[in-house]
file upload15.txt (compact mmCIF, C-alpha atoms)
# COMPACT_ATOMS: atom_id res chain seq x y z
CA MET G 21 -94.17 55.87 99.92
CA ASP G 22 -94.00 52.44 98.34
CA ARG G 23 -90.83 50.34 98.13
CA LYS G 24 -89.95 51.43 94.59
CA GLU G 25 -90.25 55.12 95.42
CA PHE G 26 -88.20 54.64 98.60
CA LEU G 27 -85.41 52.93 96.66
CA LYS G 28 -85.45 55.59 93.94
CA LYS G 29 -85.08 58.43 96.46
CA SER G 30 -82.32 56.50 98.24
CA ILE G 31 -80.43 56.01 94.99
CA LEU G 32 -80.78 59.73 94.15
CA SER G 33 -79.25 60.65 97.50
CA LEU G 34 -76.24 58.45 96.66
CA GLY G 35 -75.73 60.22 93.33
CA LEU G 36 -76.62 57.17 91.20
CA SER G 37 -78.91 57.15 88.20
CA PRO G 38 -82.69 56.79 88.58
CA PHE G 39 -82.58 54.99 85.20
CA LEU G 40 -81.93 51.87 87.28
CA PHE G 41 -85.58 51.90 88.32
CA SER G 42 -87.19 52.83 85.03
CA THR G 43 -88.65 50.19 82.74
CA ASN G 44 -88.86 52.87 80.03
CA PRO G 45 -85.82 55.10 80.68
CA PHE G 46 -86.45 57.46 77.77
CA GLY G 47 -90.19 57.87 78.23
CA SER G 48 -92.03 58.03 81.53
CA LEU G 49 -88.99 59.11 83.54
CA HIS G 50 -88.63 62.34 81.59
CA ALA G 51 -92.36 62.97 81.86
CA GLU G 52 -92.00 62.72 85.63
CA GLU G 53 -89.00 65.05 85.54
CA GLU G 54 -90.88 67.72 83.61
CA GLU G 55 -93.64 67.68 86.18
CA SER G 56 -91.15 67.78 89.06
CA ILE G 57 -89.51 71.04 87.98
CA VAL G 58 -92.59 73.09 87.01
CA LEU G 59 -94.36 75.27 89.58
CA PRO G 60 -97.53 77.34 89.13
CA SER G 61 -96.55 80.81 87.93
CA LYS G 62 -97.92 83.71 85.88
CA VAL G 63 -94.40 84.53 84.70
CA LYS G 64 -93.90 84.00 80.97
CA SER G 65 -90.49 85.63 80.41
CA VAL G 66 -87.24 86.55 82.16
CA ILE G 67 -85.14 89.51 81.00
CA PHE G 68 -81.65 88.93 82.38
CA ILE G 69 -79.14 91.78 81.99
CA GLU G 70 -75.59 90.68 82.77
CA MET G 71 -73.01 93.41 83.37
CA MET G 72 -70.01 91.32 82.30
CA GLY G 73 -66.65 91.96 83.91
CA GLY G 74 -67.78 93.08 87.35
CA MET G 75 -69.88 96.24 87.71
CA SER G 76 -68.65 98.69 90.34
CA HIS G 77 -71.52 98.92 92.85
CA VAL G 78 -70.11 102.06 94.55
CA ASP G 79 -70.18 103.89 91.19
CA THR G 80 -73.65 102.78 90.10
CA LEU G 81 -76.21 101.67 92.69
CA ASP G 82 -74.62 102.03 96.16
CA PRO G 83 -73.43 105.61 96.90
CA LYS G 84 -70.46 105.95 99.25
CA PRO G 85 -68.00 108.75 100.10
CA ASN G 86 -65.47 107.06 97.82
CA SER G 87 -67.85 106.86 94.83
CA ALA G 88 -66.64 108.49 91.63
CA PHE G 89 -70.05 110.05 90.91
CA GLY G 90 -72.66 112.13 92.66
CA LYS G 91 -75.90 110.84 94.16
CA VAL G 92 -79.31 111.08 92.51
CA SER G 93 -82.67 110.41 94.14
CA SER G 94 -84.69 107.42 92.97
CA SER G 95 -88.44 106.78 92.80
CA ILE G 96 -88.10 104.56 95.89
CA SER G 97 -88.61 106.80 98.91
CA GLY G 98 -85.33 107.56 100.69
CA LEU G 99 -83.18 105.61 98.22
CA SER G 100 -80.38 107.25 96.23
CA VAL G 101 -78.25 105.75 93.47
CA LEU G 102 -75.51 107.32 91.37
CA GLU G 103 -75.44 109.52 88.27
CA PRO G 104 -74.73 106.70 85.75
CA PHE G 105 -78.19 105.28 86.61
CA SER G 106 -79.95 108.66 86.77
CA LEU G 107 -82.72 107.75 84.26
CA THR G 108 -83.20 104.21 85.56
CA ALA G 109 -83.49 105.70 89.08
CA LYS G 110 -86.88 107.17 88.12
CA GLN G 111 -88.26 103.68 87.38
CA LEU G 112 -86.99 101.75 90.41
CA HIS G 113 -90.38 101.92 92.18
CA SER G 114 -91.62 99.19 89.84
CA ILE G 115 -88.87 96.75 90.87
CA GLY G 116 -86.42 96.59 93.81
CA ILE G 117 -82.75 96.53 94.69
CA VAL G 118 -80.51 94.05 96.50
CA ARG G 119 -77.41 95.73 97.91
CA SER G 120 -75.97 92.59 99.46
CA THR G 121 -75.34 90.10 96.64
CA TRP G 122 -72.13 88.16 97.25
CA SER G 123 -70.07 85.04 96.52
CA GLU G 124 -66.63 83.54 97.12
CA GLU G 125 -65.56 83.71 93.47
CA GLY G 126 -63.21 86.54 92.47
CA ASP G 127 -62.08 84.98 89.18
CA HIS G 128 -64.06 85.82 86.03
CA GLY G 129 -64.40 82.23 84.79
CA PHE G 130 -65.33 80.80 88.18
CA ALA G 131 -67.76 83.66 88.91
CA GLN G 132 -69.45 83.40 85.51
CA MET G 133 -69.95 79.66 86.02
CA LEU G 134 -71.68 80.39 89.33
CA LEU G 135 -73.78 83.20 87.82
CA GLY G 136 -74.79 81.06 84.83
CA THR G 137 -75.64 77.84 86.67
CA GLY G 138 -75.90 78.42 90.43
CA TYR G 139 -72.99 75.99 90.84
CA ARG G 140 -69.43 76.82 91.83
CA MET G 141 -66.78 75.46 89.46
CA THR G 142 -65.73 72.80 91.96
CA GLU G 143 -69.36 71.70 92.42
CA ALA G 144 -69.91 71.47 88.66
CA MET G 145 -66.88 69.27 87.92
CA GLY G 146 -69.04 66.15 87.73
CA PHE G 147 -71.39 67.77 85.21
CA PRO G 148 -69.46 68.78 82.06
CA ASP G 149 -72.78 69.20 80.25
CA ILE G 150 -74.39 71.51 82.81
CA PRO G 151 -76.84 73.99 81.17
CA HIS G 152 -77.19 77.71 81.77
CA PHE G 153 -80.13 78.34 84.10
CA GLY G 154 -81.80 80.28 81.26
CA ALA G 155 -81.94 77.09 79.22
CA VAL G 156 -83.52 75.31 82.19
CA ILE G 157 -86.23 77.99 82.39
CA ALA G 158 -86.78 77.70 78.62
CA TYR G 159 -87.09 73.91 78.97
CA ALA G 160 -89.58 74.20 81.82
CA LYS G 161 -91.71 76.65 79.85
CA LYS G 162 -91.55 74.98 76.44
CA SER G 163 -90.87 71.25 76.86
CA LYS G 164 -94.57 70.34 76.63
CA VAL G 165 -95.50 72.91 73.98
CA LYS G 166 -96.07 71.06 70.72
CA SER G 167 -95.76 73.77 68.08
CA SER G 168 -93.40 74.91 65.36
CA TYR G 169 -89.94 76.07 66.38
CA PHE G 170 -89.44 79.56 67.77
CA PRO G 171 -86.46 80.50 70.00
CA SER G 172 -87.14 79.99 73.70
CA TYR G 173 -83.76 81.39 74.80
CA VAL G 174 -82.31 84.47 73.09
CA THR G 175 -78.84 85.92 73.78
CA ILE G 176 -77.86 89.47 72.82
CA GLY G 177 -74.38 90.98 73.19
CA GLY G 178 -71.43 89.16 74.77
CA ARG G 179 -71.18 85.37 74.74
CA GLY G 180 -68.79 84.60 77.61
CA GLY G 181 -69.18 82.05 80.38
CA LYS G 182 -72.11 79.64 80.01
CA ASN G 183 -74.22 82.15 78.08
CA GLY G 184 -76.53 80.40 75.62
CA ASN G 185 -75.28 76.93 76.59
CA SER G 186 -78.10 74.39 76.92
CA GLY G 187 -75.86 71.49 77.95
CA PHE G 188 -77.67 68.16 78.25
CA LEU G 189 -81.04 69.78 77.45
CA GLY G 190 -80.09 69.79 73.76
CA ILE G 191 -80.13 72.23 70.86
CA ASP G 192 -83.83 73.02 71.16
CA TYR G 193 -83.05 75.10 74.26
CA SER G 194 -79.69 76.60 73.31
CA GLY G 195 -79.47 80.36 72.93
CA TYR G 196 -80.42 81.91 69.60
CA HIS G 197 -77.76 84.60 69.38
CA VAL G 198 -78.44 88.09 68.06
CA GLY G 199 -75.16 89.60 66.94
CA ASN G 200 -76.65 92.56 65.06
CA VAL G 201 -79.63 94.22 66.76
CA ASP G 202 -80.44 96.15 63.57
CA GLU G 203 -80.76 92.87 61.63
CA PRO G 204 -81.34 90.14 64.22
CA ILE G 205 -82.87 87.77 61.63
CA GLN G 206 -80.52 87.08 58.75
CA HIS G 207 -80.05 84.48 55.99
CA LEU G 208 -83.76 83.82 55.51
CA ASN G 209 -83.28 84.02 51.76
CA PRO G 210 -80.43 83.01 49.43
CA SER G 211 -77.38 85.24 49.71
CA TYR G 212 -78.00 86.94 46.37
CA GLY G 213 -81.24 87.97 44.74
CA LYS G 214 -84.76 86.89 45.57
CA PHE G 215 -85.74 83.44 44.37
CA ALA G 216 -89.26 82.25 43.75
CA GLU G 217 -90.69 80.18 46.58
CA ASP G 218 -90.87 77.05 44.43
CA ARG G 219 -87.11 77.24 43.75
CA ILE G 220 -86.41 77.46 47.49
CA LEU G 221 -88.67 74.43 48.03
CA ARG G 222 -86.77 72.45 45.38
CA ARG G 223 -83.49 73.25 47.15
CA LYS G 224 -84.96 72.17 50.48
CA ASP G 225 -86.17 68.89 48.97
CA LEU G 226 -82.71 68.24 47.49
CA VAL G 227 -81.01 68.82 50.84
CA SER G 228 -83.54 66.58 52.59
CA PHE G 229 -82.95 63.80 50.06
CA MET G 230 -79.17 64.01 50.46
CA ASN G 231 -79.46 63.97 54.25
CA GLU G 232 -81.80 60.98 54.22
CA GLU G 233 -79.41 58.99 52.00
CA PHE G 234 -76.48 59.90 54.23
CA SER G 235 -78.40 58.91 57.38
CA LYS G 236 -79.14 55.45 55.96
CA THR G 237 -75.41 54.79 55.70
CA TYR G 238 -74.33 56.74 58.78
CA PRO G 239 -77.23 56.73 61.31
CA THR G 240 -75.48 58.97 63.84
CA LYS G 241 -76.85 61.25 66.53
CA GLU G 242 -75.24 64.21 64.76
CA SER G 243 -77.07 63.58 61.49
CA LYS G 244 -80.37 63.46 63.39
CA HIS G 245 -79.51 66.78 65.07
CA TRP G 246 -78.69 68.31 61.70
CA LYS G 247 -82.02 67.18 60.29
CA ASN G 248 -83.85 68.66 63.27
CA MET G 249 -81.97 71.94 62.85
CA LEU G 250 -83.07 72.20 59.21
CA VAL G 251 -86.68 71.58 60.19
CA ALA G 252 -86.41 74.19 62.96
CA ALA G 253 -84.89 76.73 60.57
CA GLU G 254 -87.75 76.27 58.11
CA GLU G 255 -90.36 76.58 60.86
CA PHE G 256 -88.62 79.69 62.22
CA ARG G 257 -88.49 81.24 58.75
CA ASN G 258 -92.23 80.78 58.32
CA SER G 259 -93.24 81.70 61.87
CA LYS G 260 -96.04 84.22 62.23
CA ASN G 261 -94.17 85.64 65.25
CA ILE G 262 -90.90 86.40 63.50
CA ASP G 263 -91.64 90.14 63.33
CA SER G 264 -91.08 90.36 67.09
CA PHE G 265 -87.36 90.41 66.24
CA ARG G 266 -87.71 93.49 64.02
CA ILE G 267 -87.31 96.67 66.10
CA SER G 268 -87.63 98.68 62.88
CA LEU G 269 -91.39 98.10 63.13
CA GLU G 270 -91.52 100.28 66.26
CA ASP G 271 -92.50 103.92 65.71
CA GLU G 272 -89.74 106.49 65.54
CA LYS G 273 -90.71 108.10 68.86
CA THR G 274 -90.28 104.81 70.71
CA ARG G 275 -86.96 104.02 69.03
CA THR G 276 -85.67 107.49 69.90
CA ARG G 277 -86.72 107.05 73.53
CA TYR G 278 -84.65 103.84 73.85
CA GLY G 279 -81.63 105.43 72.15
CA THR G 280 -79.55 104.75 69.08
CA THR G 281 -76.87 102.64 70.81
CA TRP G 282 -76.81 98.86 70.49
CA GLN G 283 -77.63 98.59 74.21
CA GLY G 284 -80.75 100.72 73.80
CA LYS G 285 -81.84 98.70 70.78
CA ALA G 286 -81.20 95.48 72.74
CA MET G 287 -83.57 96.68 75.48
CA LEU G 288 -86.22 97.48 72.87
CA LEU G 289 -85.78 94.04 71.33
CA ALA G 290 -86.08 92.48 74.79
CA LYS G 291 -89.40 94.25 75.32
CA ARG G 292 -90.74 92.91 72.01
CA LEU G 293 -89.59 89.36 72.80
CA ALA G 294 -91.14 89.52 76.27
CA ALA G 295 -94.41 90.59 74.68
CA GLN G 296 -94.09 87.44 72.53
CA GLU G 297 -93.54 85.44 75.77
CA VAL G 298 -90.05 84.20 74.89
CA PRO G 299 -89.04 82.45 78.15
CA PHE G 300 -85.48 83.78 78.57
CA ILE G 301 -83.93 86.92 77.07
CA HIS G 302 -80.27 87.38 77.97
CA ILE G 303 -78.48 90.71 77.37
CA SER G 304 -74.74 90.82 78.12
CA ILE G 305 -73.06 94.23 78.39
CA GLY G 306 -69.28 94.04 78.71
CA GLY G 307 -66.54 96.51 79.56
CA TRP G 308 -66.91 96.49 83.35
CA ASP G 309 -63.45 95.07 84.14
CA THR G 310 -62.20 98.52 85.14
CA HIS G 311 -58.74 97.93 86.60
CA THR G 312 -57.78 101.30 85.07
CA GLY G 313 -59.75 104.30 83.83
CA ASN G 314 -62.74 103.34 85.97
CA LYS G 315 -64.68 106.61 85.92
CA ALA G 316 -64.37 107.18 82.17
CA GLN G 317 -65.38 103.60 81.37
CA VAL G 318 -68.42 103.58 83.68
CA THR G 319 -69.49 106.91 82.18
CA LYS G 320 -69.20 105.54 78.64
CA ILE G 321 -71.08 102.29 79.30
CA MET G 322 -73.99 103.87 81.14
CA LYS G 323 -74.30 106.81 78.73
CA GLU G 324 -75.08 104.14 76.13
CA THR G 325 -77.22 101.95 78.42
CA ASP G 326 -79.13 103.99 81.03
CA MET G 327 -81.71 105.34 78.58
CA GLY G 328 -82.56 101.87 77.30
CA ILE G 329 -82.96 100.29 80.75
CA ALA G 330 -85.17 103.15 81.94
CA SER G 331 -87.38 102.92 78.83
CA LEU G 332 -87.64 99.14 79.17
CA LEU G 333 -88.79 99.36 82.79
CA GLU G 334 -91.23 102.16 81.94
CA ASP G 335 -92.80 100.18 79.10
CA LEU G 336 -92.97 96.91 81.04
CA THR G 337 -94.79 98.75 83.83
CA ASN G 338 -97.16 100.82 81.69
CA SER G 339 -98.13 97.87 79.47
CA GLY G 340 -98.67 95.50 82.37
CA LEU G 341 -96.02 93.10 81.05
CA ILE G 342 -94.16 93.51 84.35
CA LYS G 343 -96.75 91.18 85.90
CA GLN G 344 -95.61 88.29 83.70
CA THR G 345 -91.97 89.30 83.18
CA LEU G 346 -89.02 89.06 85.57
CA PHE G 347 -86.38 91.78 85.32
CA VAL G 348 -82.86 91.03 86.61
CA LEU G 349 -79.71 93.15 86.35
CA THR G 350 -76.56 91.86 88.03
CA SER G 351 -72.87 91.08 87.56
CA GLU G 352 -70.47 88.24 88.36
CA PHE G 353 -69.01 90.28 91.24
CA GLY G 354 -68.49 93.87 92.41
CA ARG G 355 -65.34 95.96 92.52
CA THR G 356 -63.12 97.22 95.31
CA PRO G 357 -64.21 100.45 97.02
CA ASP G 358 -60.67 101.85 96.95
CA VAL G 359 -59.34 103.53 93.81
CA GLY G 360 -55.57 103.74 93.46
CA SER G 361 -53.46 106.19 91.46
CA ARG G 362 -54.48 104.40 88.24
CA ASP G 363 -58.18 105.19 88.83
CA GLY G 364 -59.00 101.49 88.86
CA ARG G 365 -61.07 99.09 90.93
CA ASP G 366 -60.19 95.41 91.28
CA HIS G 367 -62.38 92.30 91.67
CA HIS G 368 -64.53 92.28 94.81
CA PRO G 369 -66.91 89.33 95.29
CA LYS G 370 -67.70 90.14 98.92
CA VAL G 371 -70.63 92.36 97.94
CA TRP G 372 -72.33 94.08 94.99
CA SER G 373 -75.77 95.31 93.90
CA THR G 374 -78.54 93.64 91.90
CA LEU G 375 -81.78 95.04 90.44
CA LEU G 376 -84.66 92.56 90.67
CA GLY G 377 -88.38 92.76 90.07
CA GLY G 378 -91.48 91.86 88.12
CA GLY G 379 -93.78 88.86 88.41
CA PRO G 380 -94.39 87.89 92.05
CA PHE G 381 -91.63 90.09 93.49
CA SER G 382 -92.49 93.04 95.74
CA LYS G 383 -92.24 96.55 94.33
CA GLY G 384 -89.86 99.17 95.64
CA PHE G 385 -88.04 96.85 98.07
CA VAL G 386 -84.49 97.42 99.32
CA LEU G 387 -82.68 94.36 100.66
CA GLY G 388 -79.44 94.73 102.57
CA GLU G 389 -76.94 97.52 103.01
CA THR G 390 -73.17 97.80 103.03
CA ASP G 391 -70.75 99.39 105.48
CA GLU G 392 -69.51 102.97 105.20
CA THR G 393 -67.09 102.15 102.34
CA GLY G 394 -69.14 99.52 100.49
CA SER G 395 -66.72 96.75 101.41
CA LYS G 396 -69.11 94.24 102.99
CA PRO G 397 -72.75 93.75 104.02
CA VAL G 398 -73.82 95.14 107.39
CA ASN G 399 -76.35 92.43 108.29
CA PRO G 400 -75.41 88.84 107.35
CA LYS G 401 -79.09 87.83 107.58
CA GLU G 402 -79.98 90.23 104.76
CA THR G 403 -77.58 88.92 102.13
CA LEU G 404 -78.16 87.06 98.87
CA HIS G 405 -75.49 84.62 97.73
CA LEU G 406 -75.33 84.23 93.95
CA ARG G 407 -76.64 80.65 94.23
CA ASP G 408 -79.58 82.00 96.29
CA LEU G 409 -80.28 84.59 93.59
CA ILE G 410 -80.53 81.83 90.95
CA ALA G 411 -82.78 79.73 93.22
CA THR G 412 -85.00 82.76 93.87
CA ILE G 413 -85.26 83.52 90.13
CA TYR G 414 -86.22 79.88 89.50
CA GLN G 415 -88.97 80.05 92.12
CA ALA G 416 -90.36 83.32 90.76
CA ALA G 417 -90.27 82.03 87.18
CA GLY G 418 -92.21 78.87 88.04
CA VAL G 419 -89.31 76.42 88.18
CA ASN G 420 -88.81 74.24 91.24
CA PRO G 421 -85.27 75.02 92.50
CA GLU G 422 -85.22 71.61 94.19
CA GLY G 423 -86.18 69.83 90.97
CA VAL G 424 -84.06 67.09 89.42
CA LEU G 425 -83.24 66.36 85.77
CA THR G 426 -81.19 63.53 84.29
CA ASN G 427 -78.13 64.58 82.32
CA SER G 428 -76.71 62.94 79.19
CA PHE G 429 -74.57 60.60 81.31
CA GLY G 430 -77.62 59.26 83.15
CA ARG G 431 -76.78 61.11 86.36
CA PRO G 432 -79.38 63.00 88.41
CA PHE G 433 -78.76 66.74 88.28
CA LEU G 434 -80.23 68.99 90.98
CA LEU G 435 -81.19 72.38 89.54
CA THR G 436 -79.62 74.07 92.56
CA THR G 437 -77.16 72.84 95.16
CA LYS G 438 -78.39 71.83 98.58
CA LYS G 439 -76.83 75.03 99.96
CA ALA G 440 -79.06 77.27 97.82
CA LYS G 441 -81.98 78.98 99.55
CA VAL G 442 -84.90 80.91 98.09
CA TYR G 443 -85.17 84.36 99.71
CA GLU G 444 -88.90 84.33 100.44
CA GLY G 445 -88.89 87.87 101.81
CA LEU G 446 -88.64 89.30 98.28
CA PHE G 447 -92.04 87.93 97.25

call {"tool": "encode", "arguments": {"input": "upload15.txt", "output": "structure tokens"}}
result
Amino acid sequence: MDRKEFLKKSILSLGLSPFLFSTNPFGSLHAEEEESIVLPSKVKSVIFIEMMGGMSHVDTLDPKPNSAFGKVSSSISGLSVLEPFSLTAKQLHSIGIVRSTWSEEGDHGFAQMLLGTGYRMTEAMGFPDIPHFGAVIAYAKKSKVKSSYFPSYVTIGGRGGKNGNSGFLGIDYSGYHVGNVDEPIQHLNPSYGKFAEDRILRRKDLVSFMNEEFSKTYPTKESKHWKNMLVAAEEFRNSKNIDSFRISLEDEKTRTRYGTTWQGKAMLLAKRLAAQEVPFIHISIGGWDTHTGNKAQVTKIMKETDMGIASLLEDLTNSGLIKQTLFVLTSEFGRTPDVGSRDGRDHHPKVWSTLLGGGPFSKGFVLGETDETGSKPVNPKETLHLRDLIATIYQAAGVNPEGVLTNSFGRPFLLTTKKAKVYEGLF
């Protein structure tokens, strides 16, 4: 390498800003960054299902003598899961299962930071504007696409942790949140009545004029963001792809197969958005913090969710979308194998289960196993730390896990920590 490149890499290793070596800090440097984080990949979308609160692995995907439910056979030869996932079990041959996910974080906030970014809370202290890894994937997929605005990161359900947060990547890559799956697109028209298009245009022109006059007096970053948001809203409103948000356009048979619960509808919406190649679709299903009433709560959640997950996997496989779509289902940690007199399981980050597949991943794989009670992994060499899971998702999605971006403070930000490893055996 030449002298300039040597000095730049040396400065990066010291944690200083590469802006020091850029004659055009807001131009060519970012072009280089975009190229540094993008890898060749056929993957267009990631569907990320987060079981918020800590899903009990021994009651869902890892049968043990102390499980609260009976075993059911899956479509992976020799693999059993538990009754709450009985419908999903029939579709597992198209993806795989990791029974040895783990971390050190037993606190919800700390664990959700790690799940959302690949960084532990202590490692992220120097980066208050750290983005969710879904926003990074959206940026890698869309940063060079010059077209009208359409969401590249969609969140459905809960909004805890770093969900939907784009950090230093800016509002273009923040999560578009769907609060109502029956009406995910709202406020496209005035709140009362239907106005003629020319009246809406006059209102838009008036707002633009007022904003321009304000910006002349107060040329702030916020006013520029507000202007960009108005432009994006107008482009979104007129997008030819906006119908992908409308699950009501699906035939009745399909809607019935996914179920009438919000979780089932969320899975159907995720399928439609994946077909539209939205880079990151994030579904958060809460209620898993089962310190009491564990069996009843797991039964309730999965009665409302199992049908939708199974239908989503079936449709991704049958349509061929699975080849360009990653499917991930995980939690911030597992729960203790022991159930006390209160029928509750506490936080257990030492091990839990993850469903993973699509794109370049193998089909029907099983990685890792736990001991006789589900307390810890049997083979330390067949484990997947949460930071390794994020790095592996990056690699599969076509994002270089060793890539570097520059945050809003001018500091180099590594997409994953130096401890993170891609688990190549899953590909």

call {"tool": "residues_around", "arguments": {"input": "upload15.txt", "residues": "Gly116 of chain G", "least_positions_apart": "3", "cutoff": "7 Å", "atoms": "all atoms listed in the file", "output": "short mmCIF file (atom, residue, chain, number, x, y, z; two decimals) with C-alpha atoms, keeping the file's coordinate frame"}}
result
data_model
loop_
_atom_site.label_atom_id
_atom_site.label_comp_id
_atom_site.auth_asym_id
_atom_site.auth_seq_id
_atom_site.Cartn_x
_atom_site.Cartn_y
_atom_site.Cartn_z
CA LEU G 112 -86.99 101.75 90.41
CA HIS G 113 -90.38 101.92 92.18
CA LEU G 375 -81.78 95.04 90.44
CA LEU G 376 -84.66 92.56 90.67
CA GLY G 377 -88.38 92.76 90.07
CA LYS G 383 -92.24 96.55 94.33
CA GLY G 384 -89.86 99.17 95.64
CA PHE G 385 -88.04 96.85 98.07
CA VAL G 386 -84.49 97.42 99.32
#

call {"tool": "closest_residue", "arguments": {"input": "upload15.txt", "among": "G:Asn231, G:Ser94, G:Thr345, G:Thr350", "to": "Ser304 of chain G", "atoms": "only C-alpha atoms"}}
result
G:Thr350

call {"tool": "residues_around", "arguments": {"input": "upload15.txt", "residues": "segment 195-201 of chain G", "least_positions_apart": "3", "cutoff": "12 Å", "atoms": "only C-alpha atoms", "output": "PyMOL selection string"}}
result
chain G and resi 151-159+169-179+182-187+189-192+204-206+252-253+256+265-268+280-290+298-304

call {"tool": "closest_residue", "arguments": {"input": "upload15.txt", "among": "G:Trp308, G:His367, G:Ser373, G:Ala144", "to": "Pro83 of chain G", "atoms": "all atoms listed in the file"}}
result
G:Ser373

call {"tool": "closest_residue", "arguments": {"input": "upload15.txt", "among": "G:Asp391, G:Asp335, G:Asp225, G:Glu324", "to": "Ser114 of chain G", "atoms": "all atoms listed in the file"}}
result
G:Asp335

call {"tool": "residues_around", "arguments": {"input": "upload15.txt", "residues": "Ala294 of chain G", "least_positions_apart": "6", "cutoff": "10 Å", "atoms": "only C-alpha atoms", "output": "ChimeraX atom specification"}}
result
/G:64-67,264,288,300-301,336,341-342,344-346

call {"tool": "closest_residue", "arguments": {"input": "upload15.txt", "among": "G:Val419, G:Trp122, G:Phe105, G:Ser228", "to": "Thr325 of chain G", "atoms": "all atoms listed in the file"}}
result
G:Phe105

call {"tool": "closest_residue", "arguments": {"input": "upload15.txt", "among": "G:Ile150, G:Leu409, G:Asn314, G:Ser235", "to": "Leu425 of chain G", "atoms": "all atoms listed in the file"}}
result
G:Ile150

call {"tool": "residues_around", "arguments": {"input": "upload15.txt", "residues": "Gly307 of chain G", "least_positions_apart": "3", "cutoff": "12 Å", "atoms": "only C-alpha atoms", "output": "compact mmCIF listing (two decimals) with C-alpha atoms, keeping the file's coordinate frame"}}
result
# COMPACT_ATOMS: atom_id res chain seq x y z
CA GLU G 70 -75.59 90.68 82.77
CA MET G 71 -73.01 93.41 83.37
CA MET G 72 -70.01 91.32 82.30
CA GLY G 73 -66.65 91.96 83.91
CA GLY G 74 -67.78 93.08 87.35
CA MET G 75 -69.88 96.24 87.71
CA SER G 76 -68.65 98.69 90.34
CA GLY G 177 -74.38 90.98 73.19
CA GLY G 178 -71.43 89.16 74.77
CA SER G 304 -74.74 90.82 78.12
CA THR G 310 -62.20 98.52 85.14
CA HIS G 311 -58.74 97.93 86.60
CA THR G 312 -57.78 101.30 85.07
CA GLY G 313 -59.75 104.30 83.83
CA ASN G 314 -62.74 103.34 85.97
CA ALA G 316 -64.37 107.18 82.17
CA GLN G 317 -65.38 103.60 81.37
CA VAL G 318 -68.42 103.58 83.68
CA THR G 319 -69.49 106.91 82.18
CA LYS G 320 -69.20 105.54 78.64
CA ILE G 321 -71.08 102.29 79.30
CA MET G 322 -73.99 103.87 81.14
CA GLU G 324 -75.08 104.14 76.13
CA SER G 351 -72.87 91.08 87.56
